[in-house]
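What's in data.cif: mmCIF, C-alpha atoms and all ligand atoms
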```cif
data_model
#
loop_
_atom_site.label_atom_id
_atom_site.label_comp_id
_atom_site.auth_asym_id
_atom_site.auth_seq_id
_atom_site.Cartn_x
_atom_site.Cartn_y
_atom_site.Cartn_z
CA MET A 1 -17.31 26.03 12.53
CA SER A 2 -17.69 22.68 14.18
CA GLY A 3 -14.78 20.46 13.52
CA GLU A 4 -12.56 18.05 15.26
CA ARG A 5 -9.00 18.43 16.27
CA LEU A 6 -6.35 15.79 15.54
CA THR A 7 -4.30 15.14 18.66
CA VAL A 8 -1.28 12.85 18.47
CA ARG A 9 0.62 12.00 21.66
CA ASP A 10 3.89 10.10 21.99
CA LEU A 11 3.23 8.18 18.78
CA ARG A 12 5.71 5.40 18.17
CA VAL A 13 6.02 2.88 15.35
CA VAL A 14 8.67 0.18 15.52
CA PHE A 15 9.53 -2.13 12.61
CA ASP A 16 11.68 -5.11 13.68
CA GLY A 17 13.50 -3.08 16.29
CA PHE A 18 13.84 0.02 14.06
CA THR A 19 11.91 3.02 15.37
CA ALA A 20 10.40 4.79 12.35
CA VAL A 21 8.17 7.16 14.36
CA ASP A 22 9.75 8.08 17.66
CA GLY A 23 7.46 9.84 20.14
CA VAL A 24 5.61 12.30 17.89
CA ASN A 25 3.17 14.89 19.29
CA LEU A 26 0.92 16.90 16.97
CA ASP A 27 -2.07 19.21 17.46
CA ILE A 28 -3.87 20.01 14.25
CA HIS A 29 -6.96 22.20 14.32
CA PRO A 30 -9.90 22.25 11.92
CA GLY A 31 -9.23 24.74 9.15
CA ASP A 32 -5.49 24.15 9.32
CA LEU A 33 -3.47 23.29 6.25
CA ARG A 34 -0.55 21.57 7.93
CA PHE A 35 2.48 20.59 5.92
CA LEU A 36 4.55 17.69 7.15
CA ILE A 37 8.01 17.95 5.67
CA GLY A 38 11.32 16.23 6.23
CA PRO A 39 13.97 14.18 4.45
CA ASN A 40 13.16 10.81 2.96
CA GLY A 41 12.90 8.18 5.62
CA ALA A 42 11.90 10.75 8.28
CA GLY A 43 8.76 8.74 9.06
CA LYS A 44 6.13 10.94 7.36
CA THR A 45 4.30 8.18 5.50
CA THR A 46 4.55 5.85 8.49
CA LEU A 47 2.95 8.52 10.68
CA VAL A 48 0.00 8.76 8.28
CA ASP A 49 -0.14 4.95 8.12
CA ALA A 50 -0.39 4.88 11.94
CA VAL A 51 -3.16 7.50 12.03
CA THR A 52 -5.16 5.63 9.40
CA GLY A 53 -4.68 2.21 10.99
CA LEU A 54 -2.35 0.66 8.41
CA VAL A 55 0.50 0.03 10.84
CA LYS A 56 0.55 -0.79 14.54
CA ALA A 57 1.57 2.05 16.80
CA THR A 58 1.68 3.00 20.47
CA GLY A 59 0.82 6.29 22.11
CA SER A 60 -2.46 7.96 21.32
CA VAL A 61 -4.21 9.44 18.31
CA ARG A 62 -7.52 11.22 18.80
CA PHE A 63 -9.75 12.86 16.23
CA GLY A 64 -12.38 14.86 18.07
CA ASP A 65 -13.47 12.62 20.92
CA GLN A 66 -12.60 9.39 19.11
CA ASP A 67 -9.55 7.27 19.88
CA LEU A 68 -8.10 5.95 16.64
CA LEU A 69 -5.22 3.70 17.69
CA GLY A 70 -6.12 0.05 17.63
CA LYS A 71 -9.20 0.57 15.46
CA PRO A 72 -9.35 -1.27 12.12
CA VAL A 73 -8.74 0.70 8.90
CA GLN A 74 -12.40 0.66 7.80
CA LYS A 75 -13.63 1.92 11.14
CA ILE A 76 -11.16 4.81 11.08
CA ALA A 77 -12.30 5.67 7.53
CA ARG A 78 -15.91 5.73 8.73
CA LEU A 79 -14.98 8.32 11.35
CA GLY A 80 -14.33 10.78 8.51
CA ILE A 81 -10.62 10.24 8.02
CA GLY A 82 -9.26 9.73 4.53
CA ARG A 83 -5.86 9.62 2.90
CA THR A 84 -4.22 9.45 -0.48
CA PHE A 85 -1.12 7.47 -1.36
CA GLN A 86 2.04 8.46 -3.18
CA THR A 87 0.67 6.68 -6.25
CA ALA A 88 -2.94 7.28 -7.28
CA THR A 89 -5.42 4.51 -6.58
CA VAL A 90 -8.38 5.25 -8.88
CA PHE A 91 -10.23 2.64 -10.97
CA GLU A 92 -8.60 3.29 -14.33
CA GLU A 93 -11.25 1.54 -16.46
CA LEU A 94 -14.16 3.38 -14.89
CA THR A 95 -15.14 6.95 -15.64
CA VAL A 96 -14.52 9.88 -13.34
CA LEU A 97 -18.19 9.87 -12.41
CA GLN A 98 -18.22 6.14 -11.70
CA ASN A 99 -15.17 6.49 -9.47
CA LEU A 100 -16.91 9.21 -7.48
CA ASP A 101 -20.13 7.19 -7.32
CA ILE A 102 -18.33 4.20 -5.92
CA ALA A 103 -16.56 6.33 -3.34
CA ALA A 104 -19.84 8.04 -2.39
CA GLY A 105 -21.58 4.70 -1.96
CA ALA A 106 -18.71 2.91 -0.24
CA GLY A 107 -20.40 0.10 1.65
CA ARG A 108 -23.23 -0.33 -0.85
CA GLY A 109 -22.86 -2.89 -3.63
CA VAL A 110 -20.76 -1.36 -6.39
CA TRP A 111 -22.55 -2.92 -9.34
CA THR A 112 -26.02 -2.30 -7.97
CA MET A 113 -25.05 1.30 -7.58
CA LEU A 114 -23.69 1.67 -11.09
CA ARG A 115 -26.83 0.14 -12.60
CA ARG A 116 -29.34 1.98 -10.49
CA ARG A 117 -27.86 5.45 -10.49
CA LYS A 118 -30.46 8.05 -11.39
CA GLY A 119 -29.15 11.54 -11.72
CA ILE A 120 -26.04 12.73 -9.94
CA PRO A 121 -26.14 13.18 -6.16
CA ASP A 122 -25.36 16.71 -4.96
CA LYS A 123 -22.18 15.73 -3.22
CA VAL A 124 -20.87 14.07 -6.39
CA SER A 125 -21.59 17.13 -8.52
CA ASP A 126 -20.07 19.35 -5.80
CA ALA A 127 -16.92 17.21 -5.83
CA LEU A 128 -16.75 17.39 -9.65
CA GLU A 129 -17.03 21.15 -9.40
CA THR A 130 -14.47 21.53 -6.60
CA THR A 131 -11.90 19.38 -8.39
CA ALA A 132 -12.57 21.01 -11.79
CA LEU A 133 -13.43 17.62 -13.29
CA THR A 134 -17.02 18.34 -14.35
CA GLY A 135 -16.11 18.48 -18.04
CA LEU A 136 -14.22 15.20 -17.77
CA ARG A 137 -16.82 13.22 -15.84
CA ASP A 138 -17.40 10.65 -18.60
CA ARG A 139 -13.73 10.06 -19.31
CA PRO A 140 -12.15 6.80 -18.11
CA ALA A 141 -9.99 7.73 -15.13
CA GLY A 142 -7.04 5.96 -16.75
CA THR A 143 -6.94 8.59 -19.49
CA LEU A 144 -6.65 11.53 -17.06
CA ALA A 145 -3.46 13.53 -16.71
CA HIS A 146 -1.38 12.76 -13.62
CA GLY A 147 -2.63 15.86 -11.78
CA GLN A 148 -6.25 15.16 -12.61
CA LYS A 149 -5.96 11.66 -11.12
CA GLN A 150 -4.78 13.15 -7.84
CA TRP A 151 -7.70 15.60 -7.91
CA LEU A 152 -10.09 12.73 -8.56
CA GLU A 153 -8.68 10.97 -5.51
CA ILE A 154 -9.28 14.08 -3.44
CA GLY A 155 -12.81 14.24 -4.89
CA MET A 156 -13.32 10.62 -3.81
CA LEU A 157 -12.49 11.66 -0.25
CA LEU A 158 -14.82 14.68 -0.43
CA VAL A 159 -17.85 12.57 -1.44
CA GLN A 160 -17.14 10.36 1.57
CA ASP A 161 -17.58 13.42 3.80
CA VAL A 162 -14.03 13.14 5.00
CA ARG A 163 -13.21 15.81 7.60
CA LEU A 164 -9.55 14.93 8.05
CA LEU A 165 -7.57 14.52 4.82
CA LEU A 166 -4.03 13.17 4.88
CA LEU A 167 -2.35 13.57 1.50
CA ASP A 168 0.97 11.86 0.78
CA GLU A 169 3.00 13.97 -1.66
CA PRO A 170 0.02 15.06 -3.77
CA VAL A 171 2.03 17.25 -6.16
CA ALA A 172 4.94 14.88 -6.83
CA GLY A 173 5.47 14.67 -10.60
CA MET A 174 3.05 17.52 -11.35
CA SER A 175 3.66 20.38 -13.74
CA HIS A 176 3.88 23.92 -12.39
CA GLU A 177 0.30 24.65 -13.46
CA GLU A 178 -0.98 21.45 -11.87
CA ARG A 179 0.80 22.37 -8.62
CA GLU A 180 -0.82 25.79 -8.52
CA ALA A 181 -4.24 24.30 -9.20
CA THR A 182 -3.67 21.70 -6.48
CA GLY A 183 -2.61 24.39 -4.02
CA GLU A 184 -5.82 26.32 -4.67
CA LEU A 185 -7.83 23.11 -4.30
CA LEU A 186 -6.17 22.39 -0.94
CA ARG A 187 -6.83 25.95 0.25
CA HIS A 188 -10.48 25.58 -0.65
CA VAL A 189 -10.90 22.12 0.83
CA SER A 190 -9.15 23.07 4.09
CA GLN A 191 -11.54 25.94 4.83
CA ASP A 192 -13.88 23.60 6.65
CA ARG A 193 -11.78 20.48 7.04
CA THR A 194 -8.47 19.53 8.60
CA VAL A 195 -5.81 18.88 5.99
CA VAL A 196 -2.35 17.37 6.44
CA VAL A 197 -0.05 17.40 3.42
CA ILE A 198 3.21 15.47 3.22
CA GLU A 199 5.47 17.36 0.89
CA HIS A 200 8.98 17.43 -0.53
CA ASP A 201 8.59 20.55 -2.64
CA MET A 202 9.68 23.54 -0.58
CA ASP A 203 8.33 26.15 -2.99
CA PHE A 204 4.92 24.52 -2.81
CA MET A 205 5.12 24.40 0.98
CA ARG A 206 6.07 28.09 1.17
CA SER A 207 3.12 29.07 -1.00
CA TYR A 208 0.37 27.07 0.65
CA ALA A 209 1.19 25.88 4.18
CA ARG A 210 -0.71 27.50 7.07
CA SER A 211 1.54 25.64 9.52
CA VAL A 212 4.47 23.26 9.22
CA SER A 213 5.88 20.33 11.19
CA VAL A 214 9.36 19.17 10.25
CA LEU A 215 10.01 15.50 10.86
CA HIS A 216 13.51 14.11 11.12
CA ALA A 217 14.50 10.58 12.14
CA GLY A 218 11.00 9.88 13.42
CA LYS A 219 10.81 13.00 15.64
CA VAL A 220 9.28 16.45 15.26
CA LEU A 221 12.37 18.60 14.80
CA SER A 222 10.60 21.93 14.44
CA GLU A 223 7.10 23.33 14.17
CA GLY A 224 5.44 26.64 13.44
CA THR A 225 4.73 28.98 10.57
CA VAL A 226 6.71 28.71 7.34
CA THR A 227 8.85 31.65 8.43
CA GLU A 228 9.51 30.22 11.89
CA VAL A 229 10.45 26.81 10.58
CA GLN A 230 12.73 28.20 7.90
CA ALA A 231 14.55 30.34 10.46
CA ASP A 232 15.19 27.30 12.69
CA ALA A 233 18.89 26.42 12.61
CA ARG A 234 18.12 22.72 13.19
CA VAL A 235 15.95 22.66 10.07
CA GLN A 236 18.65 24.37 8.04
CA GLU A 237 21.13 21.76 9.21
CA VAL A 238 18.91 18.85 8.17
CA TYR A 239 18.15 20.35 4.79
CA LEU A 240 21.47 21.90 3.91
CA GLY A 241 23.84 19.05 4.28
CA GLY A 242 25.57 16.48 6.36
CA ALA A 243 25.15 12.75 6.13
CA SER A 244 21.51 13.04 7.19
CA GLY A 245 20.59 15.57 4.52
CA PRO A 246 17.68 15.06 2.19
CA ARG A 247 17.58 12.09 -0.10
CA THR A 248 14.62 12.37 -2.34
CA GLU A 249 12.74 9.75 -4.29
CA ASP A 250 11.85 12.31 -6.92
CA PRO A 251 15.06 13.71 -8.42
CA ALA A 252 13.10 16.60 -9.92
CA SER A 253 12.25 17.88 -6.47
CA ALA A 254 15.80 17.76 -5.13
CA PRO A 255 16.96 21.21 -6.24
CA ALA A 256 13.82 22.76 -4.75
CA ALA A 257 14.25 20.90 -1.50
CA ALA A 258 17.81 21.90 -0.77
CA PRO A 259 17.69 25.68 -0.25
CA VAL A 260 14.81 25.62 2.23
CA ALA A 261 16.11 28.21 4.64
CA VAL A 262 18.52 30.17 2.51
CA ALA A 263 15.93 31.73 0.24
CA GLU A 264 14.13 33.30 3.19
CA GLU A 265 17.25 34.87 4.66
CA ALA A 266 17.67 37.36 1.82
P1 LIG B 301 9.08 9.11 4.66
O1 LIG B 301 7.67 8.98 4.23
O2 LIG B 301 9.32 10.26 5.61
O3 LIG B 301 10.04 9.17 3.51
P2 LIG B 301 8.70 6.46 5.76
O4 LIG B 301 7.67 6.70 6.78
O5 LIG B 301 8.28 5.86 4.48
O6 LIG B 301 9.51 7.82 5.50
O7 LIG B 301 9.82 5.55 6.37
C1 LIG B 301 10.43 5.80 7.62
C2 LIG B 301 11.44 4.73 7.91
O8 LIG B 301 10.77 3.51 8.21
C3 LIG B 301 12.37 4.43 6.74
O9 LIG B 301 13.65 4.17 7.26
C4 LIG B 301 11.76 3.20 6.13
O10 LIG B 301 12.75 2.42 5.50
C5 LIG B 301 11.18 2.48 7.34
N1 LIG B 301 10.01 1.69 7.00
C6 LIG B 301 8.85 2.15 6.45
N2 LIG B 301 7.96 1.15 6.29
C7 LIG B 301 8.56 0.03 6.75
C8 LIG B 301 8.16 -1.35 6.88
N3 LIG B 301 6.95 -1.75 6.50
N4 LIG B 301 9.05 -2.22 7.40
C9 LIG B 301 10.28 -1.81 7.81
N5 LIG B 301 10.72 -0.53 7.72
C10 LIG B 301 9.88 0.37 7.20
MG MG B 302 6.83 8.88 2.27
#
```

Will you turn the file into structure tokens for me?
Amino acid sequence: MSGERLTVRDLRVVFDGFTAVDGVNLDIHPGDLRFLIGPNGAGKTTLVDAVTGLVKATGSVRFGDQDLLGKPVQKIARLGIGRTFQTATVFEELTVLQNLDIAAGAGRGVWTMLRRRKGIPDKVSDALETTALTGLRDRPAGTLAHGQKQWLEIGMLLVQDVRLLLLDEPVAGMSHEEREATGELLRHVSQDRTVVVIEHDMDFMRSYARSVSVLHAGKVLSEGTVTEVQADARVQEVYLGGASGPRTEDPASAPAAAPVAVAEEA
């Protein structure tokens, strides 16, 4: 499999004197399904923002033989790097198919494309299939269930031939069934792409991560397999209490987040 590696070295993001990302190193190989976990405010989203060009950073970020830092957002996207946000960003009024068409033709004129479309390009029908949205292709995206919107967003990255996907809390607010389906989707998609998933839900992480990096206060606190990370005393400390314990935006995920290491010790 040809694929590029994501290499992050001494990445640093400073907001008005506050260091949100503090010297992060990461090596993520093609075919990996890397989970990035850590308490709220650890710097996870900011790290993804830095990789995708949304915030200024120092250090170095390479994808394959390309240097990303300092490149504008659009240029980074054209190198095959795509991300999702904590809230879905689909065109609610347009159908599933139209959303995928627009993503597939990014750069071409949107309206020209909508008018002139003849048949469905292979990569659009593949993305419909992969995301299990084929039967819903003519539905306005705004009427999709929460989980389906996230899958559509992932489909929009697939039609853009993205080879590095960075997903910010893709299962937040999802039902159990939606989580399972998303996990299977991520497994499938990561077979020939590099996938980084920011996640709060520890059960979801345990089920689907191939490797894990734990971020805390802008630094990589621990890294390895799920088992290795859960056995790390520093991770247990961060997750099990103290003033710097987890604060989560999503109250529903708090009970799942707390017993990260304990469950594995049994
Ligand atoms: P996480 O995604 O791990 O919850 P974030 O990356 O969103 O954490 O935030 C890391 C830290 O950086 C937090 O303390 C947050 O308040 C701060 N931060 C994030 N974005 C900005 C910004 N644009 N300006 C100032 N501070 C920010
Ligand atoms: Mg975040």

(request) Return as a VMD selection string the residues of protein, DNA or RNA that approach ligand MG 302 (chain B) to within 12 Å, with all atoms listed in the file taken into account. (result) chain A and resid 20 36 to 49 84 to 87 166 to 170 172 197 to 200 215 218 247 to 250

Suppose we keep C-alpha atoms; can you now write the selection as a PDB file, keeping the file's coordinate frame?
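Contents of again36.pdb, as written:
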```
ATOM      1  CA  ALA A  20      10.400   4.790  12.350  1.00  0.00           C
ATOM      2  CA  LEU A  36       4.550  17.690   7.150  1.00  0.00           C
ATOM      3  CA  ILE A  37       8.010  17.950   5.670  1.00  0.00           C
ATOM      4  CA  GLY A  38      11.320  16.230   6.230  1.00  0.00           C
ATOM      5  CA  PRO A  39      13.970  14.180   4.450  1.00  0.00           C
ATOM      6  CA  ASN A  40      13.160  10.810   2.960  1.00  0.00           C
ATOM      7  CA  GLY A  41      12.900   8.180   5.620  1.00  0.00           C
ATOM      8  CA  ALA A  42      11.900  10.750   8.280  1.00  0.00           C
ATOM      9  CA  GLY A  43       8.760   8.740   9.060  1.00  0.00           C
ATOM     10  CA  LYS A  44       6.130  10.940   7.360  1.00  0.00           C
ATOM     11  CA  THR A  45       4.300   8.180   5.500  1.00  0.00           C
ATOM     12  CA  THR A  46       4.550   5.850   8.490  1.00  0.00           C
ATOM     13  CA  LEU A  47       2.950   8.520  10.680  1.00  0.00           C
ATOM     14  CA  VAL A  48       0.000   8.760   8.280  1.00  0.00           C
ATOM     15  CA  ASP A  49      -0.140   4.950   8.120  1.00  0.00           C
ATOM     16  CA  THR A  84      -4.220   9.450  -0.480  1.00  0.00           C
ATOM     17  CA  PHE A  85      -1.120   7.470  -1.360  1.00  0.00           C
ATOM     18  CA  GLN A  86       2.040   8.460  -3.180  1.00  0.00           C
ATOM     19  CA  THR A  87       0.670   6.680  -6.250  1.00  0.00           C
ATOM     20  CA  LEU A 166      -4.030  13.170   4.880  1.00  0.00           C
ATOM     21  CA  LEU A 167      -2.350  13.570   1.500  1.00  0.00           C
ATOM     22  CA  ASP A 168       0.970  11.860   0.780  1.00  0.00           C
ATOM     23  CA  GLU A 169       3.000  13.970  -1.660  1.00  0.00           C
ATOM     24  CA  PRO A 170       0.020  15.060  -3.770  1.00  0.00           C
ATOM     25  CA  ALA A 172       4.940  14.880  -6.830  1.00  0.00           C
ATOM     26  CA  VAL A 197      -0.050  17.400   3.420  1.00  0.00           C
ATOM     27  CA  ILE A 198       3.210  15.470   3.220  1.00  0.00           C
ATOM     28  CA  GLU A 199       5.470  17.360   0.890  1.00  0.00           C
ATOM     29  CA  HIS A 200       8.980  17.430  -0.530  1.00  0.00           C
ATOM     30  CA  LEU A 215      10.010  15.500  10.860  1.00  0.00           C
ATOM     31  CA  GLY A 218      11.000   9.880  13.420  1.00  0.00           C
ATOM     32  CA  ARG A 247      17.580  12.090  -0.100  1.00  0.00           C
ATOM     33  CA  THR A 248      14.620  12.370  -2.340  1.00  0.00           C
ATOM     34  CA  GLU A 249      12.740   9.750  -4.290  1.00  0.00           C
ATOM     35  CA  ASP A 250      11.850  12.310  -6.920  1.00  0.00           C
TER      36      ASP A 250
END
```

(request) Can you work out the spacing between atom CA of A:Pro140 and atom CA of A:Gly119 in Å, to one decimal? (result)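 Calculated distance between atom CA of A:Pro140 and atom CA of A:Gly119 is 18.8 Å.
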
Using all atoms listed in the file, determine which residues lie at most 8 Å from stretch 13-16 of chain A, disregarding the query and same-chain residues fewer than 6 positions distant; provide the list as a compact mmCIF listing (two decimals) with C-alpha atoms, in the coordinates of the input.
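Once written, out.txt looks like this:
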```txt
# COMPACT_ATOMS: atom_id res chain seq x y z
CA ASP A 22 9.75 8.08 17.66
CA THR A 46 4.55 5.85 8.49
CA LEU A 47 2.95 8.52 10.68
CA ALA A 50 -0.39 4.88 11.94
CA VAL A 55 0.50 0.03 10.84
CA LYS A 56 0.55 -0.79 14.54
CA ALA A 57 1.57 2.05 16.80
CA THR A 58 1.68 3.00 20.47
```

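The gap separating atom CA of A:Gly17 from atom O9 of ligand LIG 301 (chain B) is 11.6 Å, in Å to one decimal.
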
(request) Rank nothing, just name the residue among A:Arg34, A:Lys219, A:Arg139, A:Arg234 nearest to ligand LIG 301 (chain B), using only C-alpha atoms and all ligand atoms. (result) A:Lys219

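Among A:Ala77, A:Val214, A:Val61, A:Arg137, the residue with the shortest atom-to-atom distance to A:Asp232, counting all atoms listed in the file, is A:Val214.
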
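The nearest approach to ligand LIG 301 (chain B) among the residues A:Gln66, A:Thr7, A:Thr19, A:Ser190, with only C-alpha atoms and all ligand atoms taken into account, belongs to A:Thr19.
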
(message) Let me make sure I understand: among A:Val195, A:Ile81, A:Val8, A:Leu54, which one has the smallest atom-to-atom distance to ligand LIG 301 (chain B) if we use all atoms listed in the file?
(response) A:Leu54

(message) From the options A:Lys123, A:Arg62, A:Arg12, A:His146, which residue's atoms come nearest to ligand LIG 301 (chain B), counting all atoms listed in the file?
(response)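 Answer, going by the shortest atom-to-atom distance: A:Arg12.
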
(request) For each of A:Ala104, A:Val229, A:Val73, A:Phe18, take the minimum atom-to-atom distance to ligand LIG 301 (chain B), counting all atoms listed in the file, then give the residue where this is smallest. (result)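 Going through A:Ala104, A:Val229, A:Val73, A:Phe18 one by one, the smallest distance to ligand LIG 301 (chain B) is for A:Phe18.
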
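For A:Gly147, the list of residues within 9 Å, based on all atoms listed in the file and with local chain neighbours fewer than 4 positions off taken out, reads Trp151, Leu152, Pro170, Val171, Gly173, Met174, Ser175, Glu178, Arg179, Ala181 and Thr182 of chain A.
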
All residues 7 Å or closer to A:Glu93, only C-alpha atoms, same chain fewer than 2 positions away omitted, as a PDB file with C-alpha atoms, keeping the file's coordinate frame:
```pdb
ATOM      1  CA  PHE A  91     -10.230   2.640 -10.970  1.00  0.00           C
ATOM      2  CA  THR A  95     -15.140   6.950 -15.640  1.00  0.00           C
ATOM      3  CA  PRO A 140     -12.150   6.800 -18.110  1.00  0.00           C
ATOM      4  CA  ALA A 141      -9.990   7.730 -15.130  1.00  0.00           C
ATOM      5  CA  GLY A 142      -7.040   5.960 -16.750  1.00  0.00           C
TER       6      GLY A 142
END
```

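If you look at atom CA of A:Thr134 and atom CA of A:Gly3, they are 28.0 Å away from each other.
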
If the box runs along x, y and z of the file and leaves 4 Å on each side of ligand LIG 301 (chain B), what are its centre and edge lengths in Å, one decimal, as AutoDock Vina command-line options?
```
--center_x 10.3 --center_y 4.0 --center_z 5.9 --size_x 14.7 --size_y 20.5 --size_z 12.7
```

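Neighbourhood of point (0.4, 16.6, 14.1): residues with an atom at most 7 Å away, counting only C-alpha atoms, are A:Leu6, A:Thr7, A:Val8, A:Asn25, A:Leu26, A:Asp27, A:Ile28.
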